[in-house]
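J.: I have a structure I would like to understand better, so I am pasting it below and will then ask my questions one at a time.
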Amino acid sequence: MSGGRGERSGPFRTGDRVQLTGPKGRMHTITLEPGKLFHSHKGPIAHDDLIGLPDGSVVRNQVGIEYLALRPLLSDFVMSMPRGAAIVYPKDAAQILAQADVFPGSVVVEAGVGSGALSLWLLRAIGPSGRLYSFERREEFADVARGNVGTFHGRVPENWSITLGDLADTLPETVEDGSVDRVVLDMLAPWEVLPAVTDSLKPGGVVLCYVATATQLSRVAEAIRATGSYTEPVANETMVRGWHVQGLAVRPDHRMIAHTGFLLTARRLAPDTVLPELKRRPSKSDFSDEDVEAWTPGALGERSVSDKSLRKRVRAAGNSAALARDEPGAATGSTPSEPDGEAG
């Protein structure tokens, strides 16, 4: 996405996102608007004092406290952007790109789009020659995602689209069979869309499922095996533990980003191919469809977001995107993460 606002260097401009780091390491992300002030309990900073400064500058607020000003990295941006749904954390996004082997020029299908965090990583990985098809059931989430992606790039990328509706119904209408390189499923019941996903994938293509619970992981793994169209699924999770490194005080941090979700990958076999049976020791783990249903009851539980909260987040994401496009008179209210937009 060359030329996008999120990719630019040089002096800060109106509409840019800027990350301010205070003396205690607390970070705030703001969108620059002429005449506005960033307020904290340590005193205000005029946006006009930042506009025109080079990236990586130090600016003082009106009581003399210094803040480091940097354009946020993509990982910073996704952690502070408005959210309609829970985001895919950077640690998982990095593993998704690696394990699904998303490459420049690839055709990728993503469902659901959530708040657009994973969409941003996928768009960066596929480059301008690739194509990303995102699918989302809820229009409010799609609006938040469009706003966030538009904010980061300064526009909505031409090689990205969001289709509203159930993937099982809309995917066959959107892409040709056997035309997709990678499919990433971040949804409650990925096993329900496997027939459509299988038809869309090229032989050798990768399906990756991102699920939160062990019950979901078990069910989707068995569903993938039951199709007979994939290699043996591989599952894992990623945990990140930071370290405190200061002089001779070198130790693990007291807190860490532990479980956020499981990643399960499998590759599409060529048509009419029968996977060689793996030689295993006898097991007592035989099961029936009834056993699987009992292990994964329907109450998997999807955390809901109130309509009022969603409307607020849609407005925040849309205003931020308008500012990034330099539209006059846009977002006269407060910027989306100005008071509490703490990155990580």
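In the structure tokens, the first chain shown is A, the next is B, and so on; residue numbers restart at 1 for each chain, and ligands run from 1 in the order shown.
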Applying 10 Å and only C-alpha atoms, which residues near Val220 (chain A) remain after dropping the ones on its own chain fewer than 4 positions away? List them as an mmCIF file with N, CA, C and O atoms, in the first residue's frame.

T.:
```cif
data_model
loop_
_atom_site.group_PDB
_atom_site.id
_atom_site.type_symbol
_atom_site.label_atom_id
_atom_site.label_comp_id
_atom_site.auth_asym_id
_atom_site.auth_seq_id
_atom_site.Cartn_x
_atom_site.Cartn_y
_atom_site.Cartn_z
ATOM 1 N N ALA A 189 -17.796 -20.382 14.665
ATOM 2 C CA ALA A 189 -17.998 -21.776 14.244
ATOM 3 C C ALA A 189 -17.409 -21.988 12.849
ATOM 4 O O ALA A 189 -18.146 -22.122 11.870
ATOM 5 N N PRO A 190 -16.085 -22.020 12.714
ATOM 6 C CA PRO A 190 -15.480 -22.149 11.377
ATOM 7 C C PRO A 190 -15.836 -23.441 10.662
ATOM 8 O O PRO A 190 -15.779 -23.500 9.429
ATOM 9 N N TRP A 191 -16.208 -24.502 11.395
ATOM 10 C CA TRP A 191 -16.557 -25.762 10.759
ATOM 11 C C TRP A 191 -17.798 -25.635 9.873
ATOM 12 O O TRP A 191 -17.975 -26.411 8.944
ATOM 13 N N GLU A 192 -18.640 -24.623 10.124
ATOM 14 C CA GLU A 192 -19.861 -24.457 9.342
ATOM 15 C C GLU A 192 -19.587 -23.983 7.913
ATOM 16 O O GLU A 192 -20.433 -24.163 7.029
ATOM 17 N N LEU A 194 -16.711 -24.769 6.085
ATOM 18 C CA LEU A 194 -15.659 -25.547 5.431
ATOM 19 C C LEU A 194 -15.999 -25.970 3.998
ATOM 20 O O LEU A 194 -15.117 -25.960 3.134
ATOM 21 N N CYS A 209 -7.474 -21.389 10.995
ATOM 22 C CA CYS A 209 -8.576 -21.054 11.887
ATOM 23 C C CYS A 209 -8.026 -20.481 13.188
ATOM 24 O O CYS A 209 -7.108 -21.060 13.780
ATOM 25 N N VAL A 211 -9.268 -19.655 16.819
ATOM 26 C CA VAL A 211 -10.377 -19.902 17.737
ATOM 27 C C VAL A 211 -9.903 -19.696 19.174
ATOM 28 O O VAL A 211 -8.720 -19.842 19.485
ATOM 29 N N THR A 215 -12.709 -26.292 23.110
ATOM 30 C CA THR A 215 -13.840 -26.986 22.485
ATOM 31 C C THR A 215 -13.957 -26.638 21.006
ATOM 32 O O THR A 215 -14.211 -27.507 20.171
ATOM 33 N N GLN A 216 -13.777 -25.350 20.669
ATOM 34 C CA GLN A 216 -13.791 -24.958 19.259
ATOM 35 C C GLN A 216 -12.639 -25.612 18.496
ATOM 36 O O GLN A 216 -12.812 -26.070 17.363
ATOM 37 N N ILE A 224 -12.251 -30.668 9.841
ATOM 38 C CA ILE A 224 -11.286 -30.621 8.743
ATOM 39 C C ILE A 224 -10.870 -32.030 8.339
ATOM 40 O O ILE A 224 -10.797 -32.371 7.148
ATOM 41 N N ARG A 225 -10.621 -32.901 9.315
ATOM 42 C CA ARG A 225 -10.267 -34.292 9.009
ATOM 43 C C ARG A 225 -11.399 -34.986 8.256
ATOM 44 O O ARG A 225 -11.170 -35.765 7.326
ATOM 45 N N ALA A 226 -12.636 -34.708 8.668
ATOM 46 C CA ALA A 226 -13.787 -35.395 8.083
ATOM 47 C C ALA A 226 -13.997 -35.046 6.615
ATOM 48 O O ALA A 226 -14.593 -35.835 5.875
ATOM 49 N N PRO A 233 -4.415 -31.468 10.273
ATOM 50 C CA PRO A 233 -4.343 -30.125 10.870
ATOM 51 C C PRO A 233 -3.291 -30.037 11.973
ATOM 52 O O PRO A 233 -3.056 -31.000 12.701
ATOM 53 N N LEU A 264 -4.944 -23.005 14.065
ATOM 54 C CA LEU A 264 -4.966 -24.332 13.469
ATOM 55 C C LEU A 264 -4.841 -24.182 11.956
ATOM 56 O O LEU A 264 -5.589 -23.413 11.343
#
```

J.: Excluding Tyr133 (chain A) and any residue of its chain fewer than 4 positions from it, enumerate the residues within 8 Å of it, using only C-alpha atoms, and give them as a ChimeraX atom specification.

T.: /A:107-110,160-163

J.: Skipping near chain neighbours, those fewer than 4 positions away, what residues fall within 8 Å of Val144 (chain A) using only C-alpha atoms, listed as a PyMOL selection string?

T.: chain A and resi 82-84+115-116+140+148+313-314+317-318

J.: Selection from above, N, CA and C atoms, as an mmCIF file, in the first residue's frame, can you write it?

T.:
```
data_model
loop_
_atom_site.group_PDB
_atom_site.id
_atom_site.type_symbol
_atom_site.label_atom_id
_atom_site.label_comp_id
_atom_site.auth_asym_id
_atom_site.auth_seq_id
_atom_site.Cartn_x
_atom_site.Cartn_y
_atom_site.Cartn_z
ATOM 1 N N PRO A 82 -10.272 2.488 17.408
ATOM 2 C CA PRO A 82 -11.620 2.158 17.871
ATOM 3 C C PRO A 82 -11.962 0.700 17.545
ATOM 4 N N ARG A 83 -12.679 0.052 18.456
ATOM 5 C CA ARG A 83 -12.993 -1.361 18.270
ATOM 6 C C ARG A 83 -14.498 -1.600 18.250
ATOM 7 N N GLY A 84 -14.934 -2.338 17.244
ATOM 8 C CA GLY A 84 -16.302 -2.839 17.245
ATOM 9 C C GLY A 84 -16.344 -4.217 17.841
ATOM 10 N N SER A 115 -12.697 -5.624 13.830
ATOM 11 C CA SER A 115 -12.397 -4.190 13.815
ATOM 12 C C SER A 115 -11.355 -3.820 12.760
ATOM 13 N N GLY A 116 -10.907 -4.775 11.965
ATOM 14 C CA GLY A 116 -9.973 -4.481 10.886
ATOM 15 C C GLY A 116 -8.514 -4.653 11.236
ATOM 16 N N GLU A 140 -22.180 -3.079 11.447
ATOM 17 C CA GLU A 140 -21.507 -2.141 12.339
ATOM 18 C C GLU A 140 -20.020 -2.458 12.442
ATOM 19 N N ASN A 148 -11.104 2.207 10.367
ATOM 20 C CA ASN A 148 -9.747 1.993 10.869
ATOM 21 C C ASN A 148 -8.748 1.803 9.741
ATOM 22 N N ARG A 313 -18.583 3.882 18.181
ATOM 23 C CA ARG A 313 -17.326 3.432 17.597
ATOM 24 C C ARG A 313 -17.310 3.622 16.084
ATOM 25 N N VAL A 314 -18.468 3.425 15.439
ATOM 26 C CA VAL A 314 -18.556 3.678 13.996
ATOM 27 C C VAL A 314 -18.274 5.138 13.705
ATOM 28 N N ALA A 317 -14.473 5.828 14.203
ATOM 29 C CA ALA A 317 -13.654 5.303 13.116
ATOM 30 C C ALA A 317 -13.861 6.106 11.837
ATOM 31 N N GLY A 318 -15.113 6.492 11.550
ATOM 32 C CA GLY A 318 -15.391 7.273 10.343
ATOM 33 C C GLY A 318 -14.762 8.654 10.402
#
```

J.: Among the residues of region 87-308 of chain A, find those DSSP assigns to alpha helix (DSSP H) from the backbone and print them as a PyMOL selection string.

T.: chain A and resi 90-99+117-126+139-153+167-174+194-200+214-227+289-295+307-308

J.: Given the choices A:Val197, A:Ile51, A:Val240, A:Leu275, which gets closest to Lys36 (chain A) if the distance is worked out from only C-alpha atoms?

T.: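 When distances to Lys36 (chain A) are compared using only C-alpha atoms, the smallest one comes from A:Ile51.
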
J.: Mind checking which residues fall within 10 Å of region 170-185 of chain A, counting only C-alpha atoms, ignoring those fewer than 5 positions away in the same chain, and posting them as a PDB file with N, CA and C atoms, in the first residue's frame?

T.:
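File written: selection-v8.pdb
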```pdb
ATOM      1  N   ILE A  96      -0.061 -15.675  12.260  1.00  0.00           N
ATOM      2  CA  ILE A  96      -0.993 -15.962  11.167  1.00  0.00           C
ATOM      3  C   ILE A  96      -0.315 -15.732   9.821  1.00  0.00           C
ATOM      4  N   LEU A  97       0.380 -14.604   9.686  1.00  0.00           N
ATOM      5  CA  LEU A  97       1.082 -14.320   8.428  1.00  0.00           C
ATOM      6  C   LEU A  97       2.135 -15.383   8.148  1.00  0.00           C
ATOM      7  N   ALA A 100       0.306 -19.189   7.824  1.00  0.00           N
ATOM      8  CA  ALA A 100      -0.479 -19.278   6.596  1.00  0.00           C
ATOM      9  C   ALA A 100       0.369 -18.962   5.368  1.00  0.00           C
ATOM     10  N   ASP A 101       1.594 -18.483   5.597  1.00  0.00           N
ATOM     11  CA  ASP A 101       2.514 -18.160   4.505  1.00  0.00           C
ATOM     12  C   ASP A 101       1.874 -17.171   3.525  1.00  0.00           C
ATOM     13  N   VAL A 102       1.358 -16.065   4.071  1.00  0.00           N
ATOM     14  CA  VAL A 102       0.752 -15.030   3.234  1.00  0.00           C
ATOM     15  C   VAL A 102       1.865 -14.289   2.507  1.00  0.00           C
ATOM     16  N   PHE A 103       1.802 -14.236   1.182  1.00  0.00           N
ATOM     17  CA  PHE A 103       2.904 -13.710   0.389  1.00  0.00           C
ATOM     18  C   PHE A 103       2.433 -12.573  -0.516  1.00  0.00           C
ATOM     19  N   GLY A 105       1.175 -10.537  -3.494  1.00  0.00           N
ATOM     20  CA  GLY A 105       0.450 -10.950  -4.681  1.00  0.00           C
ATOM     21  C   GLY A 105      -0.560 -12.059  -4.451  1.00  0.00           C
ATOM     22  N   SER A 106      -0.675 -12.552  -3.220  1.00  0.00           N
ATOM     23  CA  SER A 106      -1.596 -13.662  -2.961  1.00  0.00           C
ATOM     24  C   SER A 106      -3.042 -13.176  -2.869  1.00  0.00           C
ATOM     25  N   VAL A 107      -3.960 -14.101  -3.130  1.00  0.00           N
ATOM     26  CA  VAL A 107      -5.397 -13.864  -2.979  1.00  0.00           C
ATOM     27  C   VAL A 107      -5.820 -14.473  -1.650  1.00  0.00           C
ATOM     28  N   VAL A 108      -6.336 -13.626  -0.740  1.00  0.00           N
ATOM     29  CA  VAL A 108      -6.622 -14.054   0.628  1.00  0.00           C
ATOM     30  C   VAL A 108      -8.085 -13.770   0.949  1.00  0.00           C
ATOM     31  N   VAL A 109      -8.720 -14.720   1.629  1.00  0.00           N
ATOM     32  CA  VAL A 109     -10.075 -14.553   2.151  1.00  0.00           C
ATOM     33  C   VAL A 109      -9.987 -14.505   3.667  1.00  0.00           C
ATOM     34  N   GLU A 110     -10.699 -13.542   4.265  1.00  0.00           N
ATOM     35  CA  GLU A 110     -10.698 -13.359   5.719  1.00  0.00           C
ATOM     36  C   GLU A 110     -12.130 -13.283   6.220  1.00  0.00           C
ATOM     37  N   ALA A 111     -12.444 -14.026   7.276  1.00  0.00           N
ATOM     38  CA  ALA A 111     -13.770 -13.951   7.892  1.00  0.00           C
ATOM     39  C   ALA A 111     -13.626 -14.275   9.365  1.00  0.00           C
ATOM     40  N   GLY A 112     -14.273 -13.437  10.289  1.00  0.00           N
ATOM     41  CA  GLY A 112     -14.835 -12.148  10.002  1.00  0.00           C
ATOM     42  C   GLY A 112     -13.797 -11.050  10.138  1.00  0.00           C
ATOM     43  N   VAL A 113     -14.254  -9.867   9.767  1.00  0.00           N
ATOM     44  CA  VAL A 113     -13.329  -8.744   9.712  1.00  0.00           C
ATOM     45  C   VAL A 113     -13.144  -8.067  11.061  1.00  0.00           C
ATOM     46  N   LEU A 118      -6.612  -7.474  11.785  1.00  0.00           N
ATOM     47  CA  LEU A 118      -5.954  -8.465  10.943  1.00  0.00           C
ATOM     48  C   LEU A 118      -5.967  -8.039   9.482  1.00  0.00           C
ATOM     49  N   LEU A 122      -2.825  -8.210   6.881  1.00  0.00           N
ATOM     50  CA  LEU A 122      -2.921  -8.959   5.630  1.00  0.00           C
ATOM     51  C   LEU A 122      -2.678  -8.060   4.425  1.00  0.00           C
ATOM     52  N   ARG A 131      -4.792  -9.444  -3.328  1.00  0.00           N
ATOM     53  CA  ARG A 131      -6.222  -9.139  -3.199  1.00  0.00           C
ATOM     54  C   ARG A 131      -6.733  -9.726  -1.898  1.00  0.00           C
ATOM     55  N   LEU A 132      -7.418  -8.913  -1.099  1.00  0.00           N
ATOM     56  CA  LEU A 132      -7.996  -9.349   0.165  1.00  0.00           C
ATOM     57  C   LEU A 132      -9.512  -9.233   0.103  1.00  0.00           C
ATOM     58  N   TYR A 133     -10.187 -10.363   0.295  1.00  0.00           N
ATOM     59  CA  TYR A 133     -11.642 -10.401   0.393  1.00  0.00           C
ATOM     60  C   TYR A 133     -12.005 -10.646   1.860  1.00  0.00           C
ATOM     61  N   SER A 134     -12.629  -9.657   2.482  1.00  0.00           N
ATOM     62  CA  SER A 134     -13.047  -9.792   3.875  1.00  0.00           C
ATOM     63  C   SER A 134     -14.557  -9.982   3.930  1.00  0.00           C
ATOM     64  N   PHE A 135     -15.002 -10.808   4.876  1.00  0.00           N
ATOM     65  CA  PHE A 135     -16.422 -11.111   5.028  1.00  0.00           C
ATOM     66  C   PHE A 135     -16.816 -10.869   6.480  1.00  0.00           C
ATOM     67  N   THR A 163     -17.496  -7.914   2.250  1.00  0.00           N
ATOM     68  CA  THR A 163     -18.791  -8.434   1.845  1.00  0.00           C
ATOM     69  C   THR A 163     -19.594  -8.770   3.083  1.00  0.00           C
ATOM     70  N   LEU A 164     -20.809  -8.241   3.177  1.00  0.00           N
ATOM     71  CA  LEU A 164     -21.681  -8.508   4.314  1.00  0.00           C
ATOM     72  C   LEU A 164     -22.451  -9.803   4.085  1.00  0.00           C
ATOM     73  N   GLY A 165     -22.546 -10.608   5.132  1.00  0.00           N
ATOM     74  CA  GLY A 165     -23.316 -11.838   5.045  1.00  0.00           C
ATOM     75  C   GLY A 165     -22.533 -13.034   5.541  1.00  0.00           C
ATOM     76  N   PRO A 190     -16.085 -22.020  12.714  1.00  0.00           N
ATOM     77  CA  PRO A 190     -15.480 -22.149  11.377  1.00  0.00           C
ATOM     78  C   PRO A 190     -15.836 -23.441  10.662  1.00  0.00           C
ATOM     79  N   TRP A 191     -16.208 -24.502  11.395  1.00  0.00           N
ATOM     80  CA  TRP A 191     -16.557 -25.762  10.759  1.00  0.00           C
ATOM     81  C   TRP A 191     -17.798 -25.635   9.873  1.00  0.00           C
ATOM     82  N   VAL A 193     -18.429 -23.380   7.674  1.00  0.00           N
ATOM     83  CA  VAL A 193     -18.151 -22.807   6.348  1.00  0.00           C
ATOM     84  C   VAL A 193     -17.119 -23.615   5.577  1.00  0.00           C
ATOM     85  N   LEU A 194     -16.711 -24.769   6.085  1.00  0.00           N
ATOM     86  CA  LEU A 194     -15.659 -25.547   5.431  1.00  0.00           C
ATOM     87  C   LEU A 194     -15.999 -25.970   3.998  1.00  0.00           C
ATOM     88  N   ALA A 196     -17.659 -24.357   1.626  1.00  0.00           N
ATOM     89  CA  ALA A 196     -17.400 -23.220   0.742  1.00  0.00           C
ATOM     90  C   ALA A 196     -15.915 -22.892   0.679  1.00  0.00           C
ATOM     91  N   VAL A 197     -15.228 -22.970   1.830  1.00  0.00           N
ATOM     92  CA  VAL A 197     -13.794 -22.701   1.875  1.00  0.00           C
ATOM     93  C   VAL A 197     -13.030 -23.720   1.035  1.00  0.00           C
ATOM     94  N   THR A 198     -13.399 -24.979   1.153  1.00  0.00           N
ATOM     95  CA  THR A 198     -12.721 -26.039   0.407  1.00  0.00           C
ATOM     96  C   THR A 198     -12.849 -25.824  -1.095  1.00  0.00           C
ATOM     97  N   ASP A 199     -14.032 -25.441  -1.554  1.00  0.00           N
ATOM     98  CA  ASP A 199     -14.228 -25.194  -2.988  1.00  0.00           C
ATOM     99  C   ASP A 199     -13.395 -24.016  -3.484  1.00  0.00           C
ATOM    100  N   SER A 200     -13.211 -23.007  -2.625  1.00  0.00           N
ATOM    101  CA  SER A 200     -12.538 -21.787  -3.069  1.00  0.00           C
ATOM    102  C   SER A 200     -11.021 -21.926  -3.141  1.00  0.00           C
ATOM    103  N   LEU A 201     -10.441 -22.823  -2.342  1.00  0.00           N
ATOM    104  CA  LEU A 201      -8.985 -22.912  -2.230  1.00  0.00           C
ATOM    105  C   LEU A 201      -8.346 -23.620  -3.427  1.00  0.00           C
ATOM    106  N   LYS A 202      -7.172 -23.119  -3.789  1.00  0.00           N
ATOM    107  CA  LYS A 202      -6.345 -23.816  -4.764  1.00  0.00           C
ATOM    108  C   LYS A 202      -5.729 -25.055  -4.117  1.00  0.00           C
ATOM    109  N   PRO A 203      -5.407 -26.103  -4.898  1.00  0.00           N
ATOM    110  CA  PRO A 203      -4.638 -27.214  -4.329  1.00  0.00           C
ATOM    111  C   PRO A 203      -3.321 -26.699  -3.741  1.00  0.00           C
ATOM    112  N   GLY A 204      -3.020 -27.094  -2.523  1.00  0.00           N
ATOM    113  CA  GLY A 204      -1.840 -26.593  -1.826  1.00  0.00           C
ATOM    114  C   GLY A 204      -2.099 -25.346  -1.018  1.00  0.00           C
ATOM    115  N   GLY A 205      -3.283 -24.740  -1.177  1.00  0.00           N
ATOM    116  CA  GLY A 205      -3.624 -23.549  -0.412  1.00  0.00           C
ATOM    117  C   GLY A 205      -3.775 -23.858   1.064  1.00  0.00           C
ATOM    118  N   VAL A 206      -3.776 -22.812   1.884  1.00  0.00           N
ATOM    119  CA  VAL A 206      -3.788 -22.962   3.339  1.00  0.00           C
ATOM    120  C   VAL A 206      -5.075 -22.403   3.915  1.00  0.00           C
ATOM    121  N   VAL A 207      -5.696 -23.163   4.809  1.00  0.00           N
ATOM    122  CA  VAL A 207      -6.770 -22.640   5.645  1.00  0.00           C
ATOM    123  C   VAL A 207      -6.223 -22.526   7.056  1.00  0.00           C
ATOM    124  N   LEU A 208      -6.466 -21.387   7.690  1.00  0.00           N
ATOM    125  CA  LEU A 208      -6.031 -21.150   9.067  1.00  0.00           C
ATOM    126  C   LEU A 208      -7.235 -20.708   9.878  1.00  0.00           C
ATOM    127  N   CYS A 209      -7.474 -21.389  10.995  1.00  0.00           N
ATOM    128  CA  CYS A 209      -8.576 -21.054  11.887  1.00  0.00           C
ATOM    129  C   CYS A 209      -8.026 -20.481  13.188  1.00  0.00           C
ATOM    130  N   TYR A 210      -8.588 -19.359  13.596  1.00  0.00           N
ATOM    131  CA  TYR A 210      -8.204 -18.700  14.849  1.00  0.00           C
ATOM    132  C   TYR A 210      -9.392 -18.814  15.783  1.00  0.00           C
ATOM    133  N   VAL A 211      -9.268 -19.655  16.819  1.00  0.00           N
ATOM    134  CA  VAL A 211     -10.377 -19.902  17.737  1.00  0.00           C
ATOM    135  C   VAL A 211      -9.903 -19.696  19.174  1.00  0.00           C
ATOM    136  N   LEU A 263      -4.260 -21.294  17.006  1.00  0.00           N
ATOM    137  CA  LEU A 263      -4.141 -21.270  15.549  1.00  0.00           C
ATOM    138  C   LEU A 263      -4.106 -22.705  15.046  1.00  0.00           C
ATOM    139  N   LEU A 264      -4.944 -23.005  14.065  1.00  0.00           N
ATOM    140  CA  LEU A 264      -4.966 -24.332  13.469  1.00  0.00           C
ATOM    141  C   LEU A 264      -4.841 -24.182  11.956  1.00  0.00           C
ATOM    142  N   THR A 265      -3.899 -24.878  11.355  1.00  0.00           N
ATOM    143  CA  THR A 265      -3.672 -24.768   9.916  1.00  0.00           C
ATOM    144  C   THR A 265      -3.757 -26.136   9.253  1.00  0.00           C
ATOM    145  N   ARG A 267      -3.563 -27.784   4.836  1.00  0.00           N
ATOM    146  CA  ARG A 267      -3.381 -27.449   3.413  1.00  0.00           C
ATOM    147  C   ARG A 267      -4.341 -28.265   2.559  1.00  0.00           C
ATOM    148  N   ARG A 268      -4.835 -27.626   1.520  1.00  0.00           N
ATOM    149  CA  ARG A 268      -5.799 -28.235   0.599  1.00  0.00           C
ATOM    150  C   ARG A 268      -5.110 -29.282  -0.273  1.00  0.00           C
TER     151      ARG A 268
END
```

J.: May I ask for the distance between CA of Ser57 (chain A) and CA of Ala69 (chain A), given in Å to one decimal place?

T.: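 CA of Ser57 (chain A) sits 5.4 Å away from CA of Ala69 (chain A).
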
J.: For Ala212 (chain A), list every protein, DNA or RNA residue within 10 Å, evaluated using only C-alpha atoms, and leave out those in the same chain fewer than 3 positions away; present the list as number ranges by chain.

T.: A: 186-188, 209, 215-217, 237, 259-263, 300
